[in-house]
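A.B. asks: Contents of run_36.txt (compact mmCIF, N, CA, C and O atoms and all ligand atoms):
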# COMPACT_ATOMS: atom_id res chain seq x y z
N MET P 1 81.53 -106.44 -19.00
CA MET P 1 81.84 -105.25 -18.21
C MET P 1 81.95 -105.63 -16.74
O MET P 1 81.53 -106.70 -16.32
N ALA P 2 82.53 -104.72 -15.99
CA ALA P 2 82.77 -105.02 -14.58
C ALA P 2 82.88 -103.70 -13.80
O ALA P 2 82.95 -102.63 -14.39
N TYR P 3 82.89 -103.85 -12.50
CA TYR P 3 83.12 -102.71 -11.63
C TYR P 3 84.53 -102.78 -11.06
O TYR P 3 85.16 -103.83 -11.04
N LYS P 4 85.01 -101.63 -10.61
CA LYS P 4 86.31 -101.60 -9.94
C LYS P 4 86.21 -100.73 -8.69
O LYS P 4 85.30 -99.90 -8.56
N ILE P 5 87.15 -100.92 -7.80
CA ILE P 5 87.20 -100.17 -6.55
C ILE P 5 88.31 -99.12 -6.66
O ILE P 5 89.42 -99.44 -7.07
N THR P 6 87.99 -97.92 -6.29
CA THR P 6 88.96 -96.82 -6.40
C THR P 6 89.73 -96.65 -5.10
O THR P 6 89.42 -97.26 -4.07
N GLU P 7 90.71 -95.75 -5.14
CA GLU P 7 91.54 -95.51 -3.96
C GLU P 7 90.80 -94.75 -2.87
O GLU P 7 91.35 -94.50 -1.80
N GLU P 8 89.54 -94.42 -3.14
CA GLU P 8 88.71 -93.82 -2.08
C GLU P 8 88.30 -94.87 -1.04
O GLU P 8 87.79 -94.52 0.03
N CYS P 9 88.49 -96.13 -1.36
CA CYS P 9 88.10 -97.24 -0.47
C CYS P 9 88.73 -97.07 0.91
O CYS P 9 89.92 -96.81 1.04
N ILE P 10 87.89 -97.25 1.95
CA ILE P 10 88.37 -97.13 3.33
C ILE P 10 88.55 -98.51 3.96
O ILE P 10 88.69 -98.63 5.18
N ASN P 11 88.53 -99.54 3.13
CA ASN P 11 88.79 -100.90 3.61
C ASN P 11 87.83 -101.35 4.71
O ASN P 11 88.24 -102.03 5.66
N CYS P 12 86.56 -101.01 4.56
CA CYS P 12 85.59 -101.40 5.59
C CYS P 12 85.19 -102.86 5.47
O CYS P 12 84.72 -103.46 6.43
N GLY P 13 85.33 -103.42 4.27
CA GLY P 13 85.03 -104.84 4.09
C GLY P 13 83.57 -105.17 3.84
O GLY P 13 83.22 -106.34 3.70
N ALA P 14 82.71 -104.18 3.77
CA ALA P 14 81.27 -104.43 3.63
C ALA P 14 80.92 -105.10 2.31
O ALA P 14 79.97 -105.90 2.24
N CYS P 15 81.65 -104.80 1.27
CA CYS P 15 81.29 -105.31 -0.05
C CYS P 15 81.63 -106.78 -0.26
O CYS P 15 80.91 -107.50 -0.94
N GLU P 16 82.71 -107.22 0.31
CA GLU P 16 83.22 -108.56 0.00
C GLU P 16 82.19 -109.67 0.19
O GLU P 16 81.98 -110.48 -0.72
N PRO P 17 81.52 -109.75 1.33
CA PRO P 17 80.56 -110.86 1.51
C PRO P 17 79.28 -110.70 0.69
O PRO P 17 78.51 -111.67 0.57
N GLU P 18 79.05 -109.53 0.12
CA GLU P 18 77.81 -109.28 -0.64
C GLU P 18 77.91 -109.73 -2.09
O GLU P 18 76.89 -109.87 -2.77
N CYS P 19 79.11 -109.94 -2.58
CA CYS P 19 79.27 -110.28 -4.00
C CYS P 19 78.82 -111.71 -4.27
O CYS P 19 79.36 -112.65 -3.69
N PRO P 20 77.86 -111.89 -5.17
CA PRO P 20 77.35 -113.24 -5.44
C PRO P 20 78.34 -114.12 -6.21
O PRO P 20 78.13 -115.32 -6.34
N ASN P 21 79.40 -113.50 -6.70
CA ASN P 21 80.38 -114.26 -7.49
C ASN P 21 81.76 -114.33 -6.83
O ASN P 21 82.72 -114.76 -7.48
N SER P 22 81.82 -113.93 -5.57
CA SER P 22 83.11 -113.93 -4.86
C SER P 22 84.20 -113.25 -5.68
O SER P 22 85.32 -113.76 -5.81
N SER P 23 83.85 -112.10 -6.23
CA SER P 23 84.78 -111.37 -7.10
C SER P 23 85.62 -110.36 -6.34
O SER P 23 86.53 -109.76 -6.92
N ILE P 24 85.30 -110.14 -5.06
CA ILE P 24 85.94 -109.06 -4.30
C ILE P 24 86.91 -109.65 -3.28
O ILE P 24 86.57 -110.62 -2.58
N TYR P 25 88.07 -109.03 -3.21
CA TYR P 25 89.12 -109.52 -2.31
C TYR P 25 89.69 -108.37 -1.50
O TYR P 25 89.79 -107.23 -1.99
N GLU P 26 90.13 -108.71 -0.29
CA GLU P 26 90.83 -107.73 0.54
C GLU P 26 92.18 -107.41 -0.10
O GLU P 26 92.79 -108.29 -0.74
N GLY P 27 92.63 -106.19 0.07
CA GLY P 27 93.93 -105.81 -0.46
C GLY P 27 95.03 -106.75 0.00
O GLY P 27 95.11 -107.07 1.18
N GLY P 28 95.83 -107.22 -0.95
CA GLY P 28 96.92 -108.13 -0.64
C GLY P 28 96.54 -109.59 -0.65
O GLY P 28 97.42 -110.46 -0.69
N ALA P 29 95.24 -109.88 -0.60
CA ALA P 29 94.80 -111.27 -0.62
C ALA P 29 94.81 -111.81 -2.04
O ALA P 29 94.53 -111.08 -3.00
N ALA P 30 95.16 -113.06 -2.18
CA ALA P 30 95.22 -113.68 -3.51
C ALA P 30 93.82 -113.89 -4.06
O ALA P 30 92.90 -114.27 -3.33
N TRP P 31 93.66 -113.65 -5.36
CA TRP P 31 92.40 -113.96 -6.03
C TRP P 31 92.40 -115.43 -6.43
O TRP P 31 93.45 -116.08 -6.51
N GLU P 32 91.21 -115.92 -6.70
CA GLU P 32 91.04 -117.30 -7.17
C GLU P 32 90.03 -117.29 -8.30
O GLU P 32 88.98 -116.68 -8.22
N LYS P 33 90.38 -117.95 -9.40
CA LYS P 33 89.44 -118.08 -10.52
C LYS P 33 89.69 -119.41 -11.21
O LYS P 33 90.80 -119.71 -11.62
N ASP P 34 88.65 -120.21 -11.29
CA ASP P 34 88.72 -121.51 -11.96
C ASP P 34 89.88 -122.35 -11.44
O ASP P 34 90.59 -123.01 -12.20
N GLY P 35 90.06 -122.32 -10.13
CA GLY P 35 91.08 -123.15 -9.52
C GLY P 35 92.48 -122.58 -9.56
O GLY P 35 93.42 -123.18 -9.06
N VAL P 36 92.63 -121.40 -10.18
CA VAL P 36 93.92 -120.74 -10.26
C VAL P 36 93.93 -119.57 -9.28
O VAL P 36 92.93 -118.86 -9.15
N THR P 37 95.03 -119.39 -8.56
CA THR P 37 95.15 -118.26 -7.66
C THR P 37 96.30 -117.37 -8.10
O THR P 37 97.20 -117.81 -8.83
N GLY P 38 96.26 -116.11 -7.67
CA GLY P 38 97.34 -115.21 -8.06
C GLY P 38 97.29 -113.91 -7.30
O GLY P 38 96.30 -113.57 -6.65
N THR P 39 98.39 -113.20 -7.38
CA THR P 39 98.47 -111.85 -6.81
C THR P 39 98.97 -110.90 -7.90
O THR P 39 99.66 -109.92 -7.62
N ASP P 40 98.64 -111.23 -9.14
CA ASP P 40 99.06 -110.40 -10.26
C ASP P 40 97.83 -109.80 -10.95
O ASP P 40 96.70 -110.03 -10.54
N GLY P 41 98.07 -109.05 -12.00
CA GLY P 41 96.98 -108.42 -12.74
C GLY P 41 96.90 -106.94 -12.44
O GLY P 41 97.20 -106.51 -11.33
N ALA P 42 96.50 -106.18 -13.46
CA ALA P 42 96.39 -104.73 -13.30
C ALA P 42 95.35 -104.35 -12.26
O ALA P 42 95.41 -103.27 -11.68
N PHE P 43 94.40 -105.23 -12.03
CA PHE P 43 93.32 -104.97 -11.08
C PHE P 43 93.74 -105.24 -9.64
O PHE P 43 93.08 -104.79 -8.70
N PHE P 44 94.82 -105.97 -9.44
CA PHE P 44 95.24 -106.36 -8.09
C PHE P 44 95.69 -105.14 -7.28
O PHE P 44 96.30 -104.22 -7.83
N SER P 45 95.38 -105.16 -5.98
CA SER P 45 95.82 -104.06 -5.12
C SER P 45 96.30 -104.62 -3.78
O SER P 45 95.69 -105.54 -3.23
N ASN P 46 97.37 -104.06 -3.29
CA ASN P 46 97.84 -104.38 -1.95
C ASN P 46 97.22 -103.46 -0.91
O ASN P 46 97.24 -103.77 0.28
N ASP P 47 96.66 -102.35 -1.35
CA ASP P 47 96.26 -101.30 -0.42
C ASP P 47 94.76 -101.21 -0.17
O ASP P 47 94.34 -100.74 0.89
N PHE P 48 93.98 -101.61 -1.16
CA PHE P 48 92.53 -101.48 -1.06
C PHE P 48 91.86 -102.78 -1.50
O PHE P 48 92.48 -103.59 -2.18
N TYR P 49 90.63 -102.94 -1.10
CA TYR P 49 89.84 -104.06 -1.65
C TYR P 49 89.85 -103.92 -3.17
O TYR P 49 89.91 -102.81 -3.71
N TYR P 50 89.81 -105.05 -3.84
CA TYR P 50 89.81 -105.00 -5.31
C TYR P 50 88.85 -106.05 -5.88
O TYR P 50 88.46 -107.00 -5.18
N ILE P 51 88.49 -105.86 -7.12
CA ILE P 51 87.55 -106.74 -7.82
C ILE P 51 88.27 -107.44 -8.97
O ILE P 51 88.98 -106.78 -9.75
N HIS P 52 88.13 -108.75 -9.05
CA HIS P 52 88.65 -109.46 -10.22
C HIS P 52 87.64 -109.23 -11.36
O HIS P 52 86.53 -109.75 -11.31
N PRO P 53 88.03 -108.48 -12.39
CA PRO P 53 87.06 -108.08 -13.40
C PRO P 53 86.47 -109.23 -14.20
O PRO P 53 85.35 -109.15 -14.70
N ASP P 54 87.21 -110.32 -14.31
CA ASP P 54 86.71 -111.46 -15.08
C ASP P 54 85.68 -112.27 -14.31
O ASP P 54 85.04 -113.15 -14.87
N LYS P 55 85.54 -111.99 -13.01
CA LYS P 55 84.54 -112.69 -12.21
C LYS P 55 83.31 -111.83 -11.97
O LYS P 55 82.27 -112.33 -11.54
N CYS P 56 83.42 -110.53 -12.21
CA CYS P 56 82.32 -109.60 -11.95
C CYS P 56 81.32 -109.62 -13.10
O CYS P 56 81.68 -109.43 -14.25
N THR P 57 80.07 -109.87 -12.77
CA THR P 57 78.99 -109.90 -13.76
C THR P 57 78.15 -108.62 -13.70
O THR P 57 77.10 -108.55 -14.35
N GLU P 58 78.58 -107.68 -12.89
CA GLU P 58 77.78 -106.49 -12.58
C GLU P 58 76.47 -106.89 -11.90
O GLU P 58 75.52 -106.13 -11.89
N CYS P 59 76.44 -108.10 -11.37
CA CYS P 59 75.26 -108.64 -10.68
C CYS P 59 74.07 -108.83 -11.62
O CYS P 59 72.94 -109.02 -11.15
N GLN P 60 74.30 -108.78 -12.92
CA GLN P 60 73.19 -108.91 -13.86
C GLN P 60 72.57 -110.30 -13.76
O GLN P 60 73.27 -111.32 -13.78
N GLY P 61 71.25 -110.32 -13.65
CA GLY P 61 70.53 -111.57 -13.51
C GLY P 61 70.54 -112.12 -12.10
O GLY P 61 69.94 -113.17 -11.83
N GLN P 62 71.23 -111.42 -11.20
CA GLN P 62 71.34 -111.90 -9.82
C GLN P 62 70.70 -110.92 -8.84
O GLN P 62 70.08 -111.33 -7.87
N HIS P 63 70.91 -109.64 -9.09
CA HIS P 63 70.35 -108.59 -8.24
C HIS P 63 69.96 -107.40 -9.11
O HIS P 63 70.53 -107.21 -10.18
N ASP P 64 69.05 -106.60 -8.61
CA ASP P 64 68.63 -105.41 -9.36
C ASP P 64 69.73 -104.36 -9.39
O ASP P 64 69.83 -103.59 -10.35
N GLU P 65 70.53 -104.33 -8.34
CA GLU P 65 71.60 -103.33 -8.23
C GLU P 65 72.91 -104.07 -7.98
O GLU P 65 72.92 -105.11 -7.33
N PRO P 66 74.02 -103.52 -8.48
CA PRO P 66 75.31 -104.09 -8.11
C PRO P 66 75.46 -104.04 -6.58
O PRO P 66 75.38 -102.96 -5.99
N GLN P 67 75.64 -105.18 -5.98
CA GLN P 67 75.62 -105.24 -4.52
C GLN P 67 76.76 -104.47 -3.87
O GLN P 67 76.60 -103.86 -2.82
N CYS P 68 77.92 -104.48 -4.51
CA CYS P 68 79.06 -103.75 -3.94
C CYS P 68 78.80 -102.25 -3.96
O CYS P 68 79.14 -101.54 -3.01
N VAL P 69 78.18 -101.78 -5.02
CA VAL P 69 77.84 -100.35 -5.11
C VAL P 69 76.82 -100.00 -4.03
O VAL P 69 76.91 -98.96 -3.37
N SER P 70 75.86 -100.88 -3.83
CA SER P 70 74.78 -100.62 -2.88
C SER P 70 75.29 -100.47 -1.45
O SER P 70 74.78 -99.65 -0.69
N VAL P 71 76.28 -101.28 -1.08
CA VAL P 71 76.71 -101.29 0.33
C VAL P 71 77.87 -100.35 0.61
O VAL P 71 78.13 -100.03 1.78
N CYS P 72 78.57 -99.89 -0.41
CA CYS P 72 79.78 -99.09 -0.15
C CYS P 72 79.42 -97.73 0.46
O CYS P 72 78.67 -96.96 -0.14
N PRO P 73 79.95 -97.42 1.64
CA PRO P 73 79.59 -96.18 2.33
C PRO P 73 80.27 -94.94 1.75
O PRO P 73 79.89 -93.82 2.10
N VAL P 74 81.26 -95.12 0.88
CA VAL P 74 82.00 -93.95 0.39
C VAL P 74 82.00 -93.87 -1.14
O VAL P 74 82.80 -93.15 -1.74
N ASP P 75 81.09 -94.61 -1.77
CA ASP P 75 80.95 -94.57 -3.23
C ASP P 75 82.28 -94.81 -3.95
O ASP P 75 82.61 -94.11 -4.91
N SER P 76 83.01 -95.80 -3.49
CA SER P 76 84.32 -96.06 -4.11
C SER P 76 84.27 -97.20 -5.12
O SER P 76 85.33 -97.66 -5.56
N VAL P 77 83.07 -97.65 -5.51
CA VAL P 77 82.95 -98.67 -6.54
C VAL P 77 82.37 -98.02 -7.79
O VAL P 77 81.30 -97.42 -7.75
N VAL P 78 83.11 -98.13 -8.89
CA VAL P 78 82.70 -97.47 -10.13
C VAL P 78 82.81 -98.44 -11.29
O VAL P 78 83.48 -99.46 -11.20
N LYS P 79 82.18 -98.09 -12.41
CA LYS P 79 82.29 -98.92 -13.61
C LYS P 79 83.72 -98.93 -14.11
O LYS P 79 84.38 -97.88 -14.14
N LEU P 80 84.15 -100.09 -14.54
CA LEU P 80 85.51 -100.21 -15.08
C LEU P 80 85.59 -99.48 -16.41
O LEU P 80 84.66 -99.53 -17.19
S1 LIG L 101 78.96 -105.72 -9.33
FE1 LIG L 101 78.18 -107.59 -8.36
S2 LIG L 101 79.41 -109.23 -9.28
FE2 LIG L 101 80.52 -107.33 -9.63
S3 LIG L 101 81.94 -107.15 -7.91
FE3 LIG L 101 80.07 -106.00 -7.40
S4 LIG L 101 78.85 -107.43 -6.21
FE4 LIG L 101 80.37 -108.65 -7.33
S1 LIG L 102 82.41 -101.30 0.73
FE1 LIG L 102 83.55 -99.62 -0.29
S2 LIG L 102 84.90 -98.81 1.31
FE2 LIG L 102 84.18 -100.79 2.02
S3 LIG L 102 85.80 -102.26 1.36
FE3 LIG L 102 84.21 -102.21 -0.26
S4 LIG L 102 84.91 -100.66 -1.74
FE4 LIG L 102 86.05 -100.34 0.16
Represent the supplied structure as structure tokens.
Ligand code: SF4
Ligand code: SF4
C.D. replies:
Amino acid sequence: MAYKITEECINCGACEPECPNSSIYEGGAAWEKDGVTGTDGAFFSNDFYYIHPDKCTECQGQHDEPQCVSVCPVDSVVKL
């Protein structure tokens, strides 16, 4: 399972540095996974921060709370 960012995102950038798995990217920025980069995928967004779902662990075993959910000021991170 993973989290996703909705269009309520105000692009504040607070979540990106908090993710322990570097799963969060600024809108339009290329994702990277296992040495592969891309700007494709249903999860990709040009307009809002987005989460690569295959990199998101929901912070399980790393933090008590999903860090992106904890820091988001507008509650724009939800379960996928
Ligand atoms: S739930 Fe945790 S692992 Fe998933 S995107 Fe948010 S901070 Fe990263
Ligand atoms: S913390 Fe929330 S509003 Fe800020 S960039 Fe992340 S998802 Fe968007």
A.B. asks: Please report the interatomic distance between atom FE1 of ligand LIG 102 (chain L) and atom CA of P:Ala30 in Å with one decimal.
C.D. replies: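 Pair atom FE1 of ligand LIG 102 (chain L) / atom CA of P:Ala30 returns 18.6 Å.
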A.B. asks: Pick out the residues sitting within 8 Å of stretch 49-52 of chain P, and hand them over as a list of chain:residue names; count all atoms listed in the file, and ignore anything fewer than 6 positions along from it in its own chain.
C.D. replies: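 Here the answer would be P:Met1, P:Ala2, P:Tyr3, P:Lys4, P:Ile5, P:Thr6, P:Glu7, P:Cys9, P:Ile10, P:Asn11, P:Cys12, P:Gly13, P:Glu16, P:Asn21, P:Ser22, P:Ser23, P:Ile24, P:Tyr25, P:Glu26, P:Gly27, P:Gly28, P:Ala29, P:Trp31, P:Glu32, P:Ala42, P:Phe43, P:Ser76.
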A.B. asks: Kindly provide, as an mmCIF file with N, CA, C and O atoms, keeping the file's coordinate frame, all nucleotide and amino acid residues lying within 4.5 Å of ligand LIG 101 (chain L), counting only N, CA, C and O atoms and all ligand atoms.
C.D. replies:
data_model
loop_
_atom_site.group_PDB
_atom_site.id
_atom_site.type_symbol
_atom_site.label_atom_id
_atom_site.label_comp_id
_atom_site.auth_asym_id
_atom_site.auth_seq_id
_atom_site.Cartn_x
_atom_site.Cartn_y
_atom_site.Cartn_z
ATOM 1 N N CYS P 19 79.110 -109.940 -2.580
ATOM 2 C CA CYS P 19 79.270 -110.280 -4.000
ATOM 3 C C CYS P 19 78.820 -111.710 -4.270
ATOM 4 O O CYS P 19 79.360 -112.650 -3.690
ATOM 5 N N CYS P 56 83.420 -110.530 -12.210
ATOM 6 C CA CYS P 56 82.320 -109.600 -11.950
ATOM 7 C C CYS P 56 81.320 -109.620 -13.100
ATOM 8 O O CYS P 56 81.680 -109.430 -14.250
ATOM 9 N N THR P 57 80.070 -109.870 -12.770
ATOM 10 C CA THR P 57 78.990 -109.900 -13.760
ATOM 11 C C THR P 57 78.150 -108.620 -13.700
ATOM 12 O O THR P 57 77.100 -108.550 -14.350
ATOM 13 N N GLU P 58 78.580 -107.680 -12.890
ATOM 14 C CA GLU P 58 77.780 -106.490 -12.580
ATOM 15 C C GLU P 58 76.470 -106.890 -11.900
ATOM 16 O O GLU P 58 75.520 -106.130 -11.890
ATOM 17 N N CYS P 59 76.440 -108.100 -11.370
ATOM 18 C CA CYS P 59 75.260 -108.640 -10.680
ATOM 19 C C CYS P 59 74.070 -108.830 -11.620
ATOM 20 O O CYS P 59 72.940 -109.020 -11.150
ATOM 21 N N PRO P 66 74.020 -103.520 -8.480
ATOM 22 C CA PRO P 66 75.310 -104.090 -8.110
ATOM 23 C C PRO P 66 75.460 -104.040 -6.580
ATOM 24 O O PRO P 66 75.380 -102.960 -5.990
ATOM 25 N N GLN P 67 75.640 -105.180 -5.980
ATOM 26 C CA GLN P 67 75.620 -105.240 -4.520
ATOM 27 C C GLN P 67 76.760 -104.470 -3.870
ATOM 28 O O GLN P 67 76.600 -103.860 -2.820
ATOM 29 N N CYS P 68 77.920 -104.480 -4.510
ATOM 30 C CA CYS P 68 79.060 -103.750 -3.940
ATOM 31 C C CYS P 68 78.800 -102.250 -3.960
ATOM 32 O O CYS P 68 79.140 -101.540 -3.010
#
A.B. asks: From a DSSP pass on the backbone, collect the residues of chain P flagged as strand (DSSP E or B) and hand them back as a VMD selection string.
C.D. replies: chain P and resid 3 to 5 24 to 25 31 to 33 36 to 38 50 to 51 77 to 79
A.B. asks: Work out how far atom FE1 of ligand LIG 102 (chain L) is from atom C of P:Val71, in Å to one decimal.
C.D. replies: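 Computed distance, atom C of P:Val71 to atom FE1 of ligand LIG 102 (chain L), equals 5.8 Å.
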A.B. asks: Which of these, P:Val78, P:Phe44, P:Cys72, P:Pro17, has the shortest distance to ligand LIG 102 (chain L) once you count only C-alpha atoms and all ligand atoms?
C.D. replies: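 Of the candidates, the smallest distance to ligand LIG 102 (chain L) is held by P:Cys72.
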